[in-house]
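Okay, structure first, notes after.
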Amino acid sequence: MLNSLFKKTATISTLLIMMGLSQAEATDYMVDRTIAIAGDEAILFSDLNSEVIKYKNFLKAHNQELPADDVIRKNVLEQLITKRLILQLANKNNIIISDTDLDRAIKHIAENNHMTTEQLMSKYRTTGLTDVAIRNTIRDDIIIDEVKRSQVRSRIHISDQEAEHLAYVLKDQAAHMLTYHLAVINFSLPVTPSPAATDAANRKINMVMKELKSGMSFAHAAQKYSESSNAINGGDLGKLTINEIPEYAAPAVSRAKPGDVVGPIKTERGLSLIKVYDIAKMTPQPLEQVKVRHILLTTNIIFDDVAAEQRLNNIRNDIINGDHKFEDEARRYSEDSGSAYNGGLIDWSNPDIFDPRFREAIKSLNPGDISEPFKSSFGWHIVELIDRKIDKDSIEAYKIKAREILSNRSVMEESEKWERELRDSAYIKILE
């Protein structure tokens, strides 16, 4: 069933107090209405306006120029539709984030950004959000990340030979490795485009190139024209090594100079223009590695969260009391087919590749410790930390880095493909 298509309308004075809007802006709220349907959920005019205000405040707080209102609303609505569909999928799969897990995640985000938790919250408040809204936003972002991770992971296959080959390349070129700060504008085409569709895409690209030469920023062009989920962020891809850049774009990017616009480049989704903002030398970073064992239990209608947690508590107590060995219990109970046969062993790996909750559980352990049961996007776990080390120069460290690079490249390519398939399979109707 769809949610209610109408909400009780707020008065103009209330909206002025809550949002600081002008009289003219507030009149848009006099009649709330459904502007789109995403899956089994209605998106209201007030929902979109709330997200638009949040986005505008974010740009202002970061001293970024605002695109035209129609461009902002188009991109924010597209992002909101995708977000609602992913959260609906999370709800169907019972993926939830407890307040305790959320507190840990916020602390982890703050630490990764060299901030205190209060400094992180203050940064979010600049977008006009209350603390409750900030927590809900971060909660949704974590859930969306977990759903994407679990859905995309099954699509990614990296062979040992591929990782080993790249590892030796990385080790050999470490002193000369570069990072490329890139942004992209994507133009979609059917898998087998007609001459007319190709011609229309090329005309659109030529028009965008003229606007770029006339002074339009690449970020604004991406927000206005890109047919990609990251259009709202100006198409920014961040800093990537040449090995993380999709194979179809790497050769052209490697020949480019800072400031160049490369393309159009043919991709499996259509055509792309790529902006090279900057090229810099990469500083090799020490890699943390952990060796762990884990036991995974998945749930269903009969075997629920309570039952899974209780069974893992019993298994953990038996191991701690010396009645059973961890590896034997993993072979007997674990539903992770990739590690169960080997006693639950996950050999030396960078913790950053793990599910966020799995990574957090490992972080607090000393070698020999066994975690309390915890839930990730894959199910319920207990994990034993066998050992941890900091490694920088061994080929094993470069193999871990190689897998991380190959995984990041695949995730970038597969995430957008998965999002498009999710949208294609869902009921979406934009009413205005």
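Starting from 1 in every chain, residues are counted up; chains themselves are A, B, ... following the order of the structure tokens, and ligands are numbered from 1 as listed.
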### Task
Just the residues within 9 Å of A:Val261, please, counting only C-alpha atoms, with nothing from its chain fewer than 6 positions along; format it as a VMD selection string.
chain A and resid 218 273 to 277
Output for the residues just chosen: all heavy atoms as a PDB file, in the first residue's frame:
```
ATOM      1  N   PHE A 218      32.666  22.811 -14.920  1.00  0.00           N
ATOM      2  CA  PHE A 218      32.372  21.405 -15.195  1.00  0.00           C
ATOM      3  C   PHE A 218      31.356  20.873 -14.186  1.00  0.00           C
ATOM      4  O   PHE A 218      30.470  20.086 -14.537  1.00  0.00           O
ATOM      5  CB  PHE A 218      33.660  20.580 -15.141  1.00  0.00           C
ATOM      6  CG  PHE A 218      33.519  19.195 -15.720  1.00  0.00           C
ATOM      7  CD1 PHE A 218      33.747  18.972 -17.071  1.00  0.00           C
ATOM      8  CD2 PHE A 218      33.140  18.119 -14.929  1.00  0.00           C
ATOM      9  CE1 PHE A 218      33.605  17.702 -17.622  1.00  0.00           C
ATOM     10  CE2 PHE A 218      32.994  16.856 -15.464  1.00  0.00           C
ATOM     11  CZ  PHE A 218      33.232  16.640 -16.818  1.00  0.00           C
ATOM     12  N   LEU A 273      32.241  12.450 -20.603  1.00  0.00           N
ATOM     13  CA  LEU A 273      33.269  13.483 -20.594  1.00  0.00           C
ATOM     14  C   LEU A 273      33.915  13.444 -19.213  1.00  0.00           C
ATOM     15  O   LEU A 273      33.211  13.372 -18.197  1.00  0.00           O
ATOM     16  CB  LEU A 273      32.673  14.865 -20.838  1.00  0.00           C
ATOM     17  CG  LEU A 273      32.058  15.141 -22.210  1.00  0.00           C
ATOM     18  CD1 LEU A 273      31.400  16.517 -22.234  1.00  0.00           C
ATOM     19  CD2 LEU A 273      33.118  15.036 -23.308  1.00  0.00           C
ATOM     20  N   ILE A 274      35.248  13.497 -19.151  1.00  0.00           N
ATOM     21  CA  ILE A 274      35.957  13.413 -17.878  1.00  0.00           C
ATOM     22  C   ILE A 274      36.832  14.650 -17.693  1.00  0.00           C
ATOM     23  O   ILE A 274      37.610  15.010 -18.580  1.00  0.00           O
ATOM     24  CB  ILE A 274      36.819  12.143 -17.800  1.00  0.00           C
ATOM     25  CG1 ILE A 274      35.932  10.905 -17.868  1.00  0.00           C
ATOM     26  CG2 ILE A 274      37.653  12.130 -16.513  1.00  0.00           C
ATOM     27  CD1 ILE A 274      36.701   9.598 -17.897  1.00  0.00           C
ATOM     28  N   LYS A 275      36.671  15.292 -16.556  1.00  0.00           N
ATOM     29  CA  LYS A 275      37.476  16.458 -16.206  1.00  0.00           C
ATOM     30  C   LYS A 275      38.627  16.016 -15.300  1.00  0.00           C
ATOM     31  O   LYS A 275      38.416  15.329 -14.306  1.00  0.00           O
ATOM     32  CB  LYS A 275      36.615  17.476 -15.462  1.00  0.00           C
ATOM     33  CG  LYS A 275      37.375  18.641 -14.832  1.00  0.00           C
ATOM     34  CD  LYS A 275      37.738  19.705 -15.849  1.00  0.00           C
ATOM     35  CE  LYS A 275      38.296  20.954 -15.172  1.00  0.00           C
ATOM     36  NZ  LYS A 275      38.546  22.033 -16.116  1.00  0.00           N
ATOM     37  N   VAL A 276      39.844  16.392 -15.648  1.00  0.00           N
ATOM     38  CA  VAL A 276      41.011  16.114 -14.808  1.00  0.00           C
ATOM     39  C   VAL A 276      41.304  17.384 -14.017  1.00  0.00           C
ATOM     40  O   VAL A 276      41.895  18.342 -14.531  1.00  0.00           O
ATOM     41  CB  VAL A 276      42.237  15.710 -15.667  1.00  0.00           C
ATOM     42  CG1 VAL A 276      43.420  15.385 -14.759  1.00  0.00           C
ATOM     43  CG2 VAL A 276      41.894  14.513 -16.550  1.00  0.00           C
ATOM     44  N   TYR A 277      40.899  17.409 -12.769  1.00  0.00           N
ATOM     45  CA  TYR A 277      41.116  18.593 -11.934  1.00  0.00           C
ATOM     46  C   TYR A 277      42.575  18.727 -11.516  1.00  0.00           C
ATOM     47  O   TYR A 277      43.154  19.799 -11.543  1.00  0.00           O
ATOM     48  CB  TYR A 277      40.245  18.529 -10.681  1.00  0.00           C
ATOM     49  CG  TYR A 277      38.801  18.911 -10.906  1.00  0.00           C
ATOM     50  CD1 TYR A 277      37.771  18.014 -10.627  1.00  0.00           C
ATOM     51  CD2 TYR A 277      38.459  20.168 -11.385  1.00  0.00           C
ATOM     52  CE1 TYR A 277      36.445  18.355 -10.821  1.00  0.00           C
ATOM     53  CE2 TYR A 277      37.129  20.521 -11.585  1.00  0.00           C
ATOM     54  CZ  TYR A 277      36.130  19.606 -11.297  1.00  0.00           C
ATOM     55  OH  TYR A 277      34.816  19.952 -11.498  1.00  0.00           O
TER      56      TYR A 277
END
```
### Task
Just list the residues in stretch 22-87 of chain A DSSP gives strand (DSSP E or B) on the backbone, as a VMD selection string.
chain A and resid 34 to 38 41 to 44
For the residues in that selection, give me N, CA and C atoms as a tab-separated table (two decimals), in the first residue's frame.
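Listing of out.tsv after writing:
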```
chain	number	residue	atom	x	y	z
A	34	THR	N	1.64	15.02	-3.58
A	34	THR	CA	2.56	13.99	-4.06
A	34	THR	C	3.15	14.43	-5.38
A	35	ILE	N	4.49	14.40	-5.47
A	35	ILE	CA	5.12	14.79	-6.74
A	35	ILE	C	5.77	13.60	-7.43
A	36	ALA	N	5.94	12.50	-6.68
A	36	ALA	CA	6.52	11.29	-7.29
A	36	ALA	C	6.17	10.09	-6.44
A	37	ILE	N	6.19	8.94	-7.08
A	37	ILE	CA	6.00	7.67	-6.37
A	37	ILE	C	7.22	6.80	-6.65
A	38	ALA	N	7.83	6.30	-5.58
A	38	ALA	CA	9.01	5.45	-5.70
A	38	ALA	C	8.71	4.13	-5.01
A	41	GLU	N	6.09	3.97	-2.00
A	41	GLU	CA	6.14	5.15	-1.15
A	41	GLU	C	5.93	6.41	-1.97
A	42	ALA	N	5.13	7.32	-1.42
A	42	ALA	CA	4.91	8.61	-2.07
A	42	ALA	C	5.98	9.60	-1.62
A	43	ILE	N	6.48	10.40	-2.55
A	43	ILE	CA	7.39	11.49	-2.23
A	43	ILE	C	6.60	12.78	-2.34
A	44	LEU	N	6.53	13.50	-1.23
A	44	LEU	CA	5.72	14.71	-1.17
A	44	LEU	C	6.52	15.95	-1.57
```
### Surrounding residues of A:Gly344 excluding itself and chain neighbours under 4 positions, 12 Å, only C-alpha atoms, as a PyMOL selection string
chain A and resi 291-297+325-340+381-386
Can I get the residues of stretch 231-315 of chain A within 10 Å of stretch 62-79 of chain A, each with the closest pair of atoms and their distance in Å to one decimal, using only C-alpha atoms, sorted chain first then ascending number, as a tab-separated table?
```
residue	atom	partner	partner_atom	distance
A:Ala231	CA	A:Asn75	CA	6.8
A:Ile232	CA	A:Asn75	CA	5.4
A:Asn233	CA	A:Asn75	CA	9.2
```
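Using only C-alpha atoms, the smallest distance between any of A:Gln161, A:Ser254, A:Thr130, A:Asn342 and A:Ile279 comes from A:Ser254.
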### Message
Rounded to one decimal, what separation in Å do you get between atom CA of A:Ser226 and atom CA of A:Lys204?
### Response
10.5 Å
### Message
Using Å and a single decimal, report how far atom CA of A:Arg423 sits from atom CA of A:Ile156.
### Response
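We find that atom CA of A:Ile156 and atom CA of A:Arg423 lie 20.5 Å from each other.
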#### Entry: Closest of A:Pro373, A:Arg269, A:Leu345, A:Glu416 to A:Val306 - atom-to-atom distances counting only C-alpha atoms
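So, comparing all the options, the nearest one is A:Pro373.
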